[in-house]
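Here is the structure we will look at.
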Amino acid sequence: MPESPLLAVRQLDAFYGDLQALFGVSIELATAEAIAVIGANGAGKSTLLKSIAGLLRARRDAIAFDGVPIGGIPAHDVAARGIALVPEGRGLFASLSVEENLLIGGQLKRSGPWNLHRIYELFPVLAERRRLPSTALSGGQQQMVAIGRALMSNPKLLLCDEISLGLAPIVVRDIYARLPTILGERVSVVLVEQDIVQALKVAERIYCLQEGRVALAGAAKDLTREAIAAAYFGV
Amino acid sequence: MSVRVAFASRSSRVGMALCAVGIVALAAAPFWGGRDDLALLSEVYAYVALASLWNLLAGYAGLVSVGQQAYVGLGAYILFAFAILAGISPLWAIPLAGIIAAGVAIPVAMLVFRLRGHYFAIGTWIVAEVFRLLAAQISVLGGGSGISLPAGLIIAIAPSRQLRDFIEYWIALALVVVILALILLLLRSRYGLALKAIRDSELAATCNGVDVMRTKFLVYIVTAAGTAMVGALIFLQRLRTSPDAAFSVNDWTAFVIFIAVIGGLGRIEGPIIGTVIFFVLRQTLADLGTFYLLMLGVVAILVMLTAPKGIWGLVVDRLGWQVFPLERRVVLDERSAARAPMAATDGR
Amino acid sequence: MVWINVILQGVLVGGLYAMFAAGLSLIFGVMRLVNIAHGDLIVLAAYLALVVTETLGIGPLASLILVVPLMALIGYALQRLVLNRTLGDDLLPPLLVTFGLSVIIQNGLLAVFTADSQKLHAGNLEVATVRLAEGVYVGALPLLQFIVAVAVIAALQFLFYRTPLGRAFRATADDPAVAQLMGLDNRHVFALAMAVSLAVVAIAGVFLAIRADFDPSQGPARLIFGFEAVIIGGLGSLWGTLAGGLILGVAQAIGAHLDPGWQVLAGHIAFLVILAIRPEGLFPKVRT
Ligand SMILES: Nc1ncnc2c1ncn2[C@@H]1O[C@H](COP(=O)(O)OP(=O)(O)O)[C@@H](O)[C@H]1O
Ligand SMILES: [Mg+2]
């Protein structure tokens with residue numbers, strides 16, 4: 001476990017109305033570390049990310065970022081502190097062009113390594129299509145816009161919700177190939193995936209969620225496939 | 001253990017009994033009240049009826065119209081037209097107003113139903129404005145300045161003024177009772193279930209096979225007819241109509257909406273409570289003139305922001321009362337409940 | 001020749017209607033809010049201009065320097081303090097609250113300024129005419145009003161599609177939750193949209209007040225004209241809104257020429273006809 005974590009989630013509960021989706025979830029993450037959160041559909045992975053990003057209510061001290069409790073503060077405040085979420089399903093702004101989507105990601109004007117130029121370097125295909133409406137792109141390219149848009153705010157912590165969802169394997173590999181460049185800029189990453197193979201390649205540690213609880217946690221290299229499968233399916 | 005579905009609850013049985021007593025007492029008002037009392041009560045009835053109809057339209061069918069003054073005015077003008085141009089008794093003109101308004105509402109609905117949500121609201125308002133401007137073009141009915149009911153026609157209703165007051169009062173009471181009863185029956189019918197499904201979730205209602213458009217259409221037509229009859233009666237009592245008064249958006253829509261929202265939308269009791277509050281405010285603040293209307297706007301906004309279900313919504317949430325038996329409740333049959341006391345608590 | 005003048009008058013008045021409509025269209029586009037008090041706010045702006053011109057002794061056009069920021073401020077505060085709390089899936093709260101505002105503004109103005117009609121005086125500008133062609137003259141004031149209307153629409157178009165603020169407006173309109181993830185505070189963005197809307201309202205209000213008599217009861221009719229222009233033009237398109245305003249203005253001018261009592265009626269009829277045959281409006285925005 002890291003010494004002084006960048007992100008510390010402690011005993012987080014989350015609700016949708018009366019329905020409780022997370023039960024006492026705790027996770028930690030150090031600066032420049034990448035972790036994966038895996039779990040079956042409906043396990044609560046997106047709920048965890050949405051809680052961290054401020055889209056859902058949370059107890060104030062259930063989430064600490066840089067040592068400051070941020071649970072339940074407004075999402076725009078969370079973003080300003082350096083947490084960026086690539087939402088499930090990408091959530092691109094349909095009436096904005098590709099470049100405008102990126103620019104709006106950078107509208108917080110946090111300083112750091114990422115700018116339009118660097119994003120186009122990372123995803124050259126976006127430079128060619130910058131004037132197009134974001135909806136005119138292929139799924140993989142849209143995912144690149146979503147990642148680029150999140151990076152434009154120069155976050156300290158990047159939360160990625162199923163970036164491989166609905167994409168062809170070759171496209172997924174292509175996108176995952178850029179992650180080392182991103183990690184090289186000392187940004188911490190939480191990868192939420194259902195596809196564990198991809199996640200395991202990048203993440204140092206893994207949390208497995210099952211029905212709203214952490215069923216298994218540990219260093220990627222220490223966990224056996226059997227242990228992961230057991231935690232995943234709850235057998 | 002036998003189970004049945006029932007509408008009544010203890011509070012609603014008490015409520016209905018109180019209603020019956022209340023109606024009898026109100027019907028006797030000519031014998032205990034003065035002329036001013038009758039006039040005030042008639043106005044109260046008119047607002048209860050208008051707010052209940054609007055509640056049916058907006059609170060249940062989700063058709064937020066701000067153009068119901070179209071039908072109030074239409075009713076008024078139909079009554080005056082039949083009375084003045086054809087010599088038909090104003091009393092007969094009231095039901096005629098309902099029938100004709102229903103006919104007029106069909107093409108209007110076909111037009112305004114093309115607009116959604118807020119745009120539907122303002123669309124209905126424009127239709128009402130068209131009606132108002134057209135009414136101002138009818139020179140035989142006084143054009144823009146309006147017209148009074150000829151004395152001969154008034155006397156034909158009843159020879160003495162007192163008797164006329166009584167008759168008109170009873171008609172007003174009967175009209176509101178009938179409208180409330182019809183709304184109650186409608187909501188208890190198959191359409192009522194459909195309406196409640198639409199109120200709770202239009203999408204879910206569609207998925208469950210409710211013909212949402214048809215139901216909404218029907219409700220729009222029915223409310224138009226009811227609103228026109230109330231309008232006809234209001235202006236029969238005023239003995240005078242003019243386009244600006246008959247098609248007033250403030251009198252027949254803004255206040256009606258405030259009443260329905262303050263009382264509580266989507267509940268039958270809401271408009272009644274709301275009307276009482278409206279008139280209490282009016283009688284106590286009337287001296288303040290325009291300030292009173294300003295206060296009314298403030299109260300409506302505050303209620304919407306702090307208690308969006310209205311006063312009656314608060315009562316229901318806190319105390320679980322309902323005067324009008326509407327909710328279907330599953331109850332254990334009394335005899336089987338006696339035999340199976342253990343299960344009695346589950347049946348509630 | 002008579003008809004050319006009639007249509008020209010209609011076009012020039014239509015610019016004013018487009019200004020009524022632009023603010024309405026803007027806030028509907030950003031936050032799906034139809035502001036029933038929009039017309040009353042136009043009249044409020046006219047009264048503000050009246051107070052400013054009378055206390056400072058300046059002309060109505062100069063008063064815009066104060067009235068525009070004042071109305072924008074009112075818009076920002078109104079949205080932050082009241083209207084933001086009404087936004088959601090249910091359309092009744094914003095409708096009722098803006099209806100309440102409408103009644104409050106009308107009766108507040110009535111209490112302060114009475115029902116007497118007022119007018120702003122713009123001196124020579126009111127009587128000056130411009131000759132466009134042989135026999136075709138237009139008043140300098142209507143012409144100025146029209147030019148200002150086109151400029152306002154162009155400025156809004158620029159704001160909406162070429163500036164960071166406009167980008168924030170469009171992003172928040174597309175998906176308010178994701179917009180927050182970009183660091184945009186919805187409540188602030190909506191309040192800025194209302195501020196821009198009421199800045200346009202201020203300009204419209206001052207021109208309304210120079211052009212004709214006004215009194216506290218005139219708001220609802222302005223709301224309706226603006227609304228008709230929005231629907232005729234097609235939702236979500238600012239240039240469409242301008243076209244909608246012009247069509248409404250021309251329809252009214254033709255109606256008025258046939259019979260003075262038909263002016264407003266002719267506008268409503270044009271609206272209903274377009275609603276019947278082309279409910280999406282004449283120039284709806286096509287999403288590419
Ligand atoms: N908007 C919502 N409203 C109600 N329940 C939700 C909502 N989103 C998710 N849930 C429920 O919360 C649980 C966790 O969902 P989610 O976090 O989306 O799972 P995952 O991302 O792991 O697939 C599920 O049971 C899901 O049905
Ligand atoms: Mg998910």
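By order in the structure tokens, chains are A, B, ...; within a chain, residues start at 1; ligands start at 1, following the order shown.
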
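Within 6 Å of chain A, counting only C-alpha atoms, chain C contributes Ala171, Asp174, Gln180, Leu181, Met182, Gly183, Leu184 and Asp185 of chain C.
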
What lies within 8 Å of region 112-116 of chain C using only C-alpha atoms, ignoring chain neighbours under 2 positions off, as a PyMOL selection string? chain C and resi 108-110+118+215-217

Please write out the residues within 12 Å of ligand 2 as a ChimeraX atom specification, counting only C-alpha atoms and all ligand atoms. /A:21,37-50,86-90,160-165,191-194,209,212

Write to file, as a PDB file, in the first residue's frame, the residues of the selection just made, with C-alpha atoms.
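Final output, saved to selection-v2.pdb:
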```pdb
ATOM      1  CA  ALA A  21     -25.155   0.402  -4.714  1.00  0.00           C
ATOM      2  CA  VAL A  37     -11.197  -1.870 -10.771  1.00  0.00           C
ATOM      3  CA  ILE A  38     -12.854  -4.917 -12.219  1.00  0.00           C
ATOM      4  CA  GLY A  39     -16.145  -6.645 -11.641  1.00  0.00           C
ATOM      5  CA  ALA A  40     -19.183  -8.038 -13.339  1.00  0.00           C
ATOM      6  CA  ASN A  41     -21.902  -5.886 -14.829  1.00  0.00           C
ATOM      7  CA  GLY A  42     -23.769  -4.074 -12.060  1.00  0.00           C
ATOM      8  CA  ALA A  43     -21.022  -4.614  -9.491  1.00  0.00           C
ATOM      9  CA  GLY A  44     -20.818  -0.880  -8.784  1.00  0.00           C
ATOM     10  CA  LYS A  45     -17.725   0.140 -10.743  1.00  0.00           C
ATOM     11  CA  SER A  46     -19.321   3.133 -12.457  1.00  0.00           C
ATOM     12  CA  THR A  47     -20.984   4.098  -9.197  1.00  0.00           C
ATOM     13  CA  LEU A  48     -17.563   4.213  -7.543  1.00  0.00           C
ATOM     14  CA  LEU A  49     -16.149   6.490 -10.255  1.00  0.00           C
ATOM     15  CA  LYS A  50     -19.215   8.728 -10.252  1.00  0.00           C
ATOM     16  CA  VAL A  86     -13.862   9.581 -18.936  1.00  0.00           C
ATOM     17  CA  PRO A  87     -17.495   8.590 -18.508  1.00  0.00           C
ATOM     18  CA  GLU A  88     -18.970   5.273 -19.507  1.00  0.00           C
ATOM     19  CA  GLY A  89     -20.354   5.628 -23.019  1.00  0.00           C
ATOM     20  CA  ARG A  90     -17.947   8.540 -23.643  1.00  0.00           C
ATOM     21  CA  CYS A 160     -11.548   5.742 -17.095  1.00  0.00           C
ATOM     22  CA  ASP A 161     -14.893   3.948 -17.196  1.00  0.00           C
ATOM     23  CA  GLU A 162     -14.800   0.995 -19.579  1.00  0.00           C
ATOM     24  CA  ILE A 163     -12.920   2.638 -22.404  1.00  0.00           C
ATOM     25  CA  SER A 164     -12.939  -0.650 -24.304  1.00  0.00           C
ATOM     26  CA  LEU A 165     -16.709  -0.981 -24.196  1.00  0.00           C
ATOM     27  CA  LEU A 191      -9.101   1.856 -15.021  1.00  0.00           C
ATOM     28  CA  VAL A 192     -12.524   0.350 -14.779  1.00  0.00           C
ATOM     29  CA  GLU A 193     -12.887  -2.658 -17.017  1.00  0.00           C
ATOM     30  CA  GLN A 194     -14.902  -5.769 -17.432  1.00  0.00           C
ATOM     31  CA  LEU A 209     -15.926  -5.344  -6.871  1.00  0.00           C
ATOM     32  CA  GLY A 212     -21.092  -3.201  -4.230  1.00  0.00           C
TER      33      GLY A 212
END
```

Contacts of region 246-259 of chain B within 9 Å, only C-alpha atoms, excl. fewer than 4 positions in-chain, as a PyMOL selection string: (chain B and resi 47-48+50-52+54-55+65-77+125+128-129+131-132+231+235+241-242+263-264+270-278+296-297+299-301) or (chain C and resi 96+99-100+103)

Enumerate, as a PyMOL selection string, the complete set of residues in region 23-186 of chain C that a backbone-based DSSP assignment places in strand (DSSP E). chain C and resi 129-133+136-139

Write the residues of the selection above to a file with all heavy atoms, as a PDB file, in the first residue's frame.
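What landed in again-v3.pdb:
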```pdb
ATOM      1  N   THR C 129     -36.981  60.465 -41.602  1.00  0.00           N
ATOM      2  CA  THR C 129     -37.222  59.357 -42.527  1.00  0.00           C
ATOM      3  C   THR C 129     -36.043  59.201 -43.467  1.00  0.00           C
ATOM      4  O   THR C 129     -35.258  60.124 -43.676  1.00  0.00           O
ATOM      5  CB  THR C 129     -38.497  59.580 -43.371  1.00  0.00           C
ATOM      6  OG1 THR C 129     -38.374  60.839 -44.016  1.00  0.00           O
ATOM      7  CG2 THR C 129     -39.749  59.533 -42.524  1.00  0.00           C
ATOM      8  N   VAL C 130     -35.950  58.011 -44.003  1.00  0.00           N
ATOM      9  CA  VAL C 130     -34.879  57.707 -44.950  1.00  0.00           C
ATOM     10  C   VAL C 130     -35.550  57.290 -46.248  1.00  0.00           C
ATOM     11  O   VAL C 130     -36.486  56.502 -46.237  1.00  0.00           O
ATOM     12  CB  VAL C 130     -33.990  56.566 -44.413  1.00  0.00           C
ATOM     13  CG1 VAL C 130     -32.907  56.217 -45.414  1.00  0.00           C
ATOM     14  CG2 VAL C 130     -33.401  56.950 -43.069  1.00  0.00           C
ATOM     15  N   ARG C 131     -35.065  57.816 -47.374  1.00  0.00           N
ATOM     16  CA  ARG C 131     -35.650  57.462 -48.657  1.00  0.00           C
ATOM     17  C   ARG C 131     -34.860  56.294 -49.232  1.00  0.00           C
ATOM     18  O   ARG C 131     -33.659  56.384 -49.442  1.00  0.00           O
ATOM     19  CB  ARG C 131     -35.580  58.678 -49.590  1.00  0.00           C
ATOM     20  CG  ARG C 131     -36.154  58.421 -50.957  1.00  0.00           C
ATOM     21  CD  ARG C 131     -36.228  59.721 -51.750  1.00  0.00           C
ATOM     22  NE  ARG C 131     -36.405  59.427 -53.177  1.00  0.00           N
ATOM     23  CZ  ARG C 131     -35.386  59.245 -54.016  1.00  0.00           C
ATOM     24  NH1 ARG C 131     -34.147  59.338 -53.594  1.00  0.00           N
ATOM     25  NH2 ARG C 131     -35.640  58.985 -55.289  1.00  0.00           N
ATOM     26  N   LEU C 132     -35.549  55.175 -49.423  1.00  0.00           N
ATOM     27  CA  LEU C 132     -34.865  53.990 -49.950  1.00  0.00           C
ATOM     28  C   LEU C 132     -34.925  53.952 -51.459  1.00  0.00           C
ATOM     29  O   LEU C 132     -34.004  53.526 -52.121  1.00  0.00           O
ATOM     30  CB  LEU C 132     -35.497  52.722 -49.397  1.00  0.00           C
ATOM     31  CG  LEU C 132     -35.303  52.447 -47.900  1.00  0.00           C
ATOM     32  CD1 LEU C 132     -35.827  51.068 -47.560  1.00  0.00           C
ATOM     33  CD2 LEU C 132     -33.841  52.572 -47.493  1.00  0.00           C
ATOM     34  N   ALA C 133     -36.066  54.374 -52.038  1.00  0.00           N
ATOM     35  CA  ALA C 133     -36.227  54.410 -53.488  1.00  0.00           C
ATOM     36  C   ALA C 133     -37.313  55.424 -53.765  1.00  0.00           C
ATOM     37  O   ALA C 133     -37.897  55.994 -52.839  1.00  0.00           O
ATOM     38  CB  ALA C 133     -36.625  53.036 -54.026  1.00  0.00           C
ATOM     39  N   VAL C 136     -40.507  55.198 -51.758  1.00  0.00           N
ATOM     40  CA  VAL C 136     -40.389  54.260 -50.643  1.00  0.00           C
ATOM     41  C   VAL C 136     -39.568  54.916 -49.535  1.00  0.00           C
ATOM     42  O   VAL C 136     -38.358  55.061 -49.644  1.00  0.00           O
ATOM     43  CB  VAL C 136     -39.719  52.939 -51.096  1.00  0.00           C
ATOM     44  CG1 VAL C 136     -39.657  51.950 -49.931  1.00  0.00           C
ATOM     45  CG2 VAL C 136     -40.480  52.345 -52.266  1.00  0.00           C
ATOM     46  N   TYR C 137     -40.291  55.316 -48.487  1.00  0.00           N
ATOM     47  CA  TYR C 137     -39.620  55.954 -47.364  1.00  0.00           C
ATOM     48  C   TYR C 137     -39.769  55.087 -46.115  1.00  0.00           C
ATOM     49  O   TYR C 137     -40.814  54.455 -45.922  1.00  0.00           O
ATOM     50  CB  TYR C 137     -40.254  57.328 -47.072  1.00  0.00           C
ATOM     51  CG  TYR C 137     -39.985  58.332 -48.156  1.00  0.00           C
ATOM     52  CD1 TYR C 137     -40.855  58.465 -49.242  1.00  0.00           C
ATOM     53  CD2 TYR C 137     -38.866  59.170 -48.087  1.00  0.00           C
ATOM     54  CE1 TYR C 137     -40.607  59.382 -50.243  1.00  0.00           C
ATOM     55  CE2 TYR C 137     -38.625  60.088 -49.087  1.00  0.00           C
ATOM     56  CZ  TYR C 137     -39.492  60.202 -50.162  1.00  0.00           C
ATOM     57  OH  TYR C 137     -39.245  61.103 -51.137  1.00  0.00           O
ATOM     58  N   VAL C 138     -38.749  55.063 -45.311  1.00  0.00           N
ATOM     59  CA  VAL C 138     -38.908  54.392 -44.026  1.00  0.00           C
ATOM     60  C   VAL C 138     -38.441  55.339 -42.929  1.00  0.00           C
ATOM     61  O   VAL C 138     -37.570  56.183 -43.153  1.00  0.00           O
ATOM     62  CB  VAL C 138     -38.098  53.076 -43.938  1.00  0.00           C
ATOM     63  CG1 VAL C 138     -38.638  52.046 -44.886  1.00  0.00           C
ATOM     64  CG2 VAL C 138     -36.625  53.324 -44.164  1.00  0.00           C
ATOM     65  N   GLY C 139     -39.042  55.161 -41.742  1.00  0.00           N
ATOM     66  CA  GLY C 139     -38.639  55.974 -40.617  1.00  0.00           C
ATOM     67  C   GLY C 139     -37.221  55.605 -40.199  1.00  0.00           C
ATOM     68  O   GLY C 139     -36.817  54.440 -40.275  1.00  0.00           O
TER      69      GLY C 139
END
```

Just the residues within 7 Å of Leu242 (chain C), please, counting only C-alpha atoms, with nothing from its chain fewer than 4 positions along; format it as a PyMOL selection string. chain C and resi 15+18+238+246

Which neighbours of Ile7 (chain C) fall inside 12 Å, counting only C-alpha atoms, when residues of the same chain fewer than 3 positions from it are skipped, and could you give them as a PyMOL selection string? chain C and resi 1-4+10-14+136+138+246-257

Quick one: residues within 8 Å of Gly59 (chain C), only C-alpha atoms counted, chain neighbours fewer than 4 positions away excluded, as a ChimeraX atom specification? /C:53,63,121-122

Same residues, N, CA and C atoms, output as a PDB file, in the first residue's frame:
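Written output follows (again.pdb):
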```pdb
ATOM      1  N   THR C  53     -33.733  57.566 -17.954  1.00  0.00           N
ATOM      2  CA  THR C  53     -33.751  58.784 -18.777  1.00  0.00           C
ATOM      3  C   THR C  53     -34.260  59.974 -17.964  1.00  0.00           C
ATOM      4  N   SER C  63     -29.439  55.478 -22.504  1.00  0.00           N
ATOM      5  CA  SER C  63     -29.807  54.759 -21.280  1.00  0.00           C
ATOM      6  C   SER C  63     -29.459  53.286 -21.356  1.00  0.00           C
ATOM      7  N   HIS C 121     -38.964  59.265 -25.283  1.00  0.00           N
ATOM      8  CA  HIS C 121     -38.869  60.176 -26.409  1.00  0.00           C
ATOM      9  C   HIS C 121     -37.440  60.250 -26.920  1.00  0.00           C
ATOM     10  N   ALA C 122     -37.331  60.035 -28.217  1.00  0.00           N
ATOM     11  CA  ALA C 122     -36.003  59.999 -28.819  1.00  0.00           C
ATOM     12  C   ALA C 122     -35.782  61.199 -29.733  1.00  0.00           C
TER      13      ALA C 122
END
```
